[in-house]
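Everything below concerns the one structure shown next.
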Amino acid sequence: MHFLLLGASGRTGQHVVSEILSQGHTATALVRTSSNIVPRPGLTIVTGSPLSKPDIRSALAATPSPPSAAIITLNTVRKSDSPFAAQLSPLRFLADSCANVCGVLENAGIHRVVVMSTAGAGDSWGNLPLLSKVFLRWTNVKYALEDHSLVDKEMRLRQLDWTLATDTRTEVRTLGSKGDGMSLSDSVNVSSVARFLIKVAVEGLFIKSAVVVVN
């Protein structure tokens, strides 16, 4: 299976790339800076921005056969890892990127897309532990959460076969779109998230659904 990857140079995205290639699949990665990703057999690297539809179309055309599915692991960027650090990504970076990708995929007749979200976005906010809500409201992480929530709304308007996978801080345990039963101790490691995203894409699981995943 051939994938289009957005966010492949990020923390989760790098694990997605490794897992895809180890399973014998291939991928095209659209990245802003090619030096941020290691070239490997089976991986086609295209430089560009997910905010640019022409760049996304170039990524689709970079291989003889178009992708069968897209996996999006984009996230916003802050000045440092501190939760109080200034936000560097533009407002709606995630939402506009996903809207652009989905529009190009729809026009190309590619229907499967899996998007990594975050705990607290969309339906899962109501079941987020109180301390997590306080943290998100009082730090600059809130901007990423707001953008992920916009992505949630954007995807639900699309006619694509979408899945929103929300990681909490996989054999994998799923808690539904609302994250019923989430606790402060819940977490999921990056490798498990990567394997889950690929499994969902390949096997057609959780179509038009959001799901919270924990170990």
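Each chain in the structure tokens gets a letter, A, B and so on, in the order shown; residues start at 1 in every chain, and ligands are counted from 1 in the order they appear.
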TODO: Enumerate the residues of stretch 58-159 of chain A with a DSSP assignment of strand (DSSP E or B), computed from the backbone, and present them as number ranges by chain.
DONE: A: 69-72, 78, 87, 112-118
Open item on the list: Residues within 7 Å of stretch 9-16 of chain A, please, as a VMD selection string. Count only C-alpha atoms; anything in the same chain fewer than 6 positions from it doesn't count.
Closed with: chain A and resid 31 36 to 37 73 190 to 191 194
Could you write those residues out with all heavy atoms, as a CSV table (one decimal), in the first residue's frame?
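After the write, selection-v4.csv holds the following:
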```
chain,number,residue,atom,x,y,z
A,31,VAL,N,7.2,17.4,3.3
A,31,VAL,CA,7.8,18.1,4.4
A,31,VAL,C,8.3,19.5,4.1
A,31,VAL,O,8.6,19.7,2.9
A,31,VAL,CB,9.0,17.2,4.9
A,31,VAL,CG1,8.5,15.9,5.5
A,31,VAL,CG2,10.0,17.0,3.8
A,36,ASN,N,15.1,17.5,7.4
A,36,ASN,CA,14.5,17.0,8.7
A,36,ASN,C,14.1,15.5,8.6
A,36,ASN,O,13.6,15.0,9.6
A,36,ASN,CB,13.3,17.9,9.1
A,36,ASN,CG,13.7,19.2,9.5
A,36,ASN,OD1,14.9,19.5,9.9
A,36,ASN,ND2,12.8,20.2,9.5
A,37,ILE,N,14.2,14.9,7.5
A,37,ILE,CA,13.8,13.5,7.3
A,37,ILE,C,14.9,12.7,6.6
A,37,ILE,O,15.5,13.2,5.7
A,37,ILE,CB,12.4,13.4,6.6
A,37,ILE,CG1,11.9,12.0,6.6
A,37,ILE,CG2,12.5,14.0,5.2
A,37,ILE,CD1,10.4,11.9,6.2
A,73,THR,N,-0.1,13.5,10.7
A,73,THR,CA,0.4,13.6,12.0
A,73,THR,C,0.9,15.0,12.3
A,73,THR,O,1.9,15.2,13.1
A,73,THR,CB,1.4,12.5,12.3
A,73,THR,OG1,2.5,12.7,11.4
A,73,THR,CG2,0.9,11.1,12.2
A,190,VAL,N,4.5,6.4,21.5
A,190,VAL,CA,4.5,6.9,20.1
A,190,VAL,C,4.5,5.7,19.1
A,190,VAL,O,3.9,5.8,18.1
A,190,VAL,CB,5.7,7.8,19.9
A,190,VAL,CG1,5.8,8.3,18.4
A,190,VAL,CG2,5.7,9.0,20.8
A,191,SER,N,5.3,4.7,19.4
A,191,SER,CA,5.4,3.6,18.5
A,191,SER,C,4.0,2.9,18.4
A,191,SER,O,3.6,2.5,17.3
A,191,SER,CB,6.4,2.5,19.0
A,191,SER,OG,7.7,3.1,19.0
A,194,ALA,N,1.8,5.0,16.1
A,194,ALA,CA,2.2,4.8,14.7
A,194,ALA,C,1.6,3.5,14.2
A,194,ALA,O,1.0,3.5,13.1
A,194,ALA,CB,3.7,4.8,14.6
```
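Across the structure, atom CA of A:Val141 and atom CA of A:Thr76 are spaced 9.2 Å apart.
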Task: Option closest in space to A:Arg195, from A:Ile71, A:Ile56, A:Ser82, A:Leu150 [counting only C-alpha atoms] - done: A:Ile71
Open item on the list: So that I can see what lies close to A:Val77, please list as a PyMOL selection string the residues with an atom at most 10 Å from it, counting only C-alpha atoms and leaving out residues fewer than 4 positions away in the same chain.
Closed with: chain A and resi 81+85-90+93+141+143-144
- [ ] Just list the residues in stretch 52-148 of chain A DSSP gives alpha helix (DSSP H) on the backbone, as a ChimeraX atom specification.
- [x] /A:53-60,93-108,130-138,141-148
Okay, now the selection with C-alpha atoms, as a PDB file, in the first residue's frame?
```pdb
ATOM      1  CA  LYS A  53      -2.665  22.875  -2.558  1.00  0.00           C
ATOM      2  CA  PRO A  54      -0.160  22.904  -5.471  1.00  0.00           C
ATOM      3  CA  ASP A  55       2.467  21.393  -3.142  1.00  0.00           C
ATOM      4  CA  ILE A  56       0.030  18.674  -2.066  1.00  0.00           C
ATOM      5  CA  ARG A  57      -0.806  17.909  -5.696  1.00  0.00           C
ATOM      6  CA  SER A  58       2.927  17.665  -6.436  1.00  0.00           C
ATOM      7  CA  ALA A  59       3.276  15.106  -3.658  1.00  0.00           C
ATOM      8  CA  LEU A  60       0.450  13.016  -5.128  1.00  0.00           C
ATOM      9  CA  PHE A  93      -2.469  25.832  10.746  1.00  0.00           C
ATOM     10  CA  LEU A  94      -3.820  22.329  11.386  1.00  0.00           C
ATOM     11  CA  ALA A  95      -7.386  23.047  10.282  1.00  0.00           C
ATOM     12  CA  ASP A  96      -6.366  24.786   7.050  1.00  0.00           C
ATOM     13  CA  SER A  97      -3.756  22.106   6.290  1.00  0.00           C
ATOM     14  CA  CYS A  98      -6.324  19.332   6.726  1.00  0.00           C
ATOM     15  CA  ALA A  99      -8.868  21.230   4.647  1.00  0.00           C
ATOM     16  CA  ASN A 100      -6.329  21.604   1.828  1.00  0.00           C
ATOM     17  CA  VAL A 101      -5.264  17.958   1.969  1.00  0.00           C
ATOM     18  CA  CYS A 102      -8.861  16.717   2.015  1.00  0.00           C
ATOM     19  CA  GLY A 103      -9.825  18.933  -0.906  1.00  0.00           C
ATOM     20  CA  VAL A 104      -6.936  17.658  -3.028  1.00  0.00           C
ATOM     21  CA  LEU A 105      -7.630  14.037  -2.048  1.00  0.00           C
ATOM     22  CA  GLU A 106     -11.303  14.366  -2.938  1.00  0.00           C
ATOM     23  CA  ASN A 107     -10.462  15.790  -6.357  1.00  0.00           C
ATOM     24  CA  ALA A 108      -7.960  12.966  -6.937  1.00  0.00           C
ATOM     25  CA  LEU A 130     -10.096  18.092  35.631  1.00  0.00           C
ATOM     26  CA  LEU A 131      -6.353  18.645  36.120  1.00  0.00           C
ATOM     27  CA  SER A 132      -5.796  18.171  32.384  1.00  0.00           C
ATOM     28  CA  LYS A 133      -8.488  20.742  31.623  1.00  0.00           C
ATOM     29  CA  VAL A 134      -6.873  23.255  33.983  1.00  0.00           C
ATOM     30  CA  PHE A 135      -3.456  22.667  32.390  1.00  0.00           C
ATOM     31  CA  LEU A 136      -4.820  23.119  28.873  1.00  0.00           C
ATOM     32  CA  ARG A 137      -6.761  26.269  29.739  1.00  0.00           C
ATOM     33  CA  TRP A 138      -3.853  28.016  31.482  1.00  0.00           C
ATOM     34  CA  VAL A 141      -0.950  24.272  24.701  1.00  0.00           C
ATOM     35  CA  LYS A 142      -4.531  25.541  24.454  1.00  0.00           C
ATOM     36  CA  TYR A 143      -3.782  26.942  20.994  1.00  0.00           C
ATOM     37  CA  ALA A 144      -2.896  23.502  19.674  1.00  0.00           C
ATOM     38  CA  LEU A 145      -6.017  22.056  21.283  1.00  0.00           C
ATOM     39  CA  GLU A 146      -8.194  24.733  19.690  1.00  0.00           C
ATOM     40  CA  ASP A 147      -6.679  23.959  16.285  1.00  0.00           C
ATOM     41  CA  HIS A 148      -7.177  20.205  16.745  1.00  0.00           C
TER      42      HIS A 148
END
```
Open item on the list: Just the number, please: distance in Å from atom CA of A:Gln159 to atom CA of A:His111, one decimal.
Closed with: 8.1 Å
Open item on the list: With only C-alpha atoms as the counted atoms, please give the residues lying no more than 8 Å from A:Lys153, apart from itself and same-chain residues fewer than 4 positions off, as a PyMOL selection string.
Closed with: chain A and resi 122+149+157
TODO: Determine, counting only C-alpha atoms, which protein, DNA and RNA residues have an atom within 7 Å of an atom of A:Arg32; residues of the same chain fewer than 6 positions away are not included. Present the result as a VMD selection string.
DONE: chain A and resid 47 to 49
Task: Å distance separating atom CA of A:Ile110 from atom CA of A:Ala61, one decimal place - done: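 Interatomic distance here is 12.7 Å.
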TODO: Find the residue from A:Lys208, A:Arg40, A:Arg78, A:Arg156 that sits nearest to A:Thr139; use only C-alpha atoms when measuring.
DONE: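 Of all the options, A:Arg78 lies closest to A:Thr139.
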- [ ] Could you check which of A:Thr33, A:Ser124, A:Ser22, A:Thr118 is closest to A:Gly7, using only C-alpha atoms?
- [x]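 So, comparing all the options, the nearest one is A:Thr33.
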Task: Selected residue of minimal separation from A:Ser117 among A:Leu160, A:Ala210, A:Ala165, A:Ala29, counting only C-alpha atoms - done: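 Result for the nearest residue to A:Ser117: A:Ala165.
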Open item on the list: Excluding A:Ser209 and its own-chain neighbours fewer than 3 positions away, which residues fall within 8 Å of it when counting only C-alpha atoms? Please give them as a PyMOL selection string.
Closed with: chain A and resi 162-164+177+206
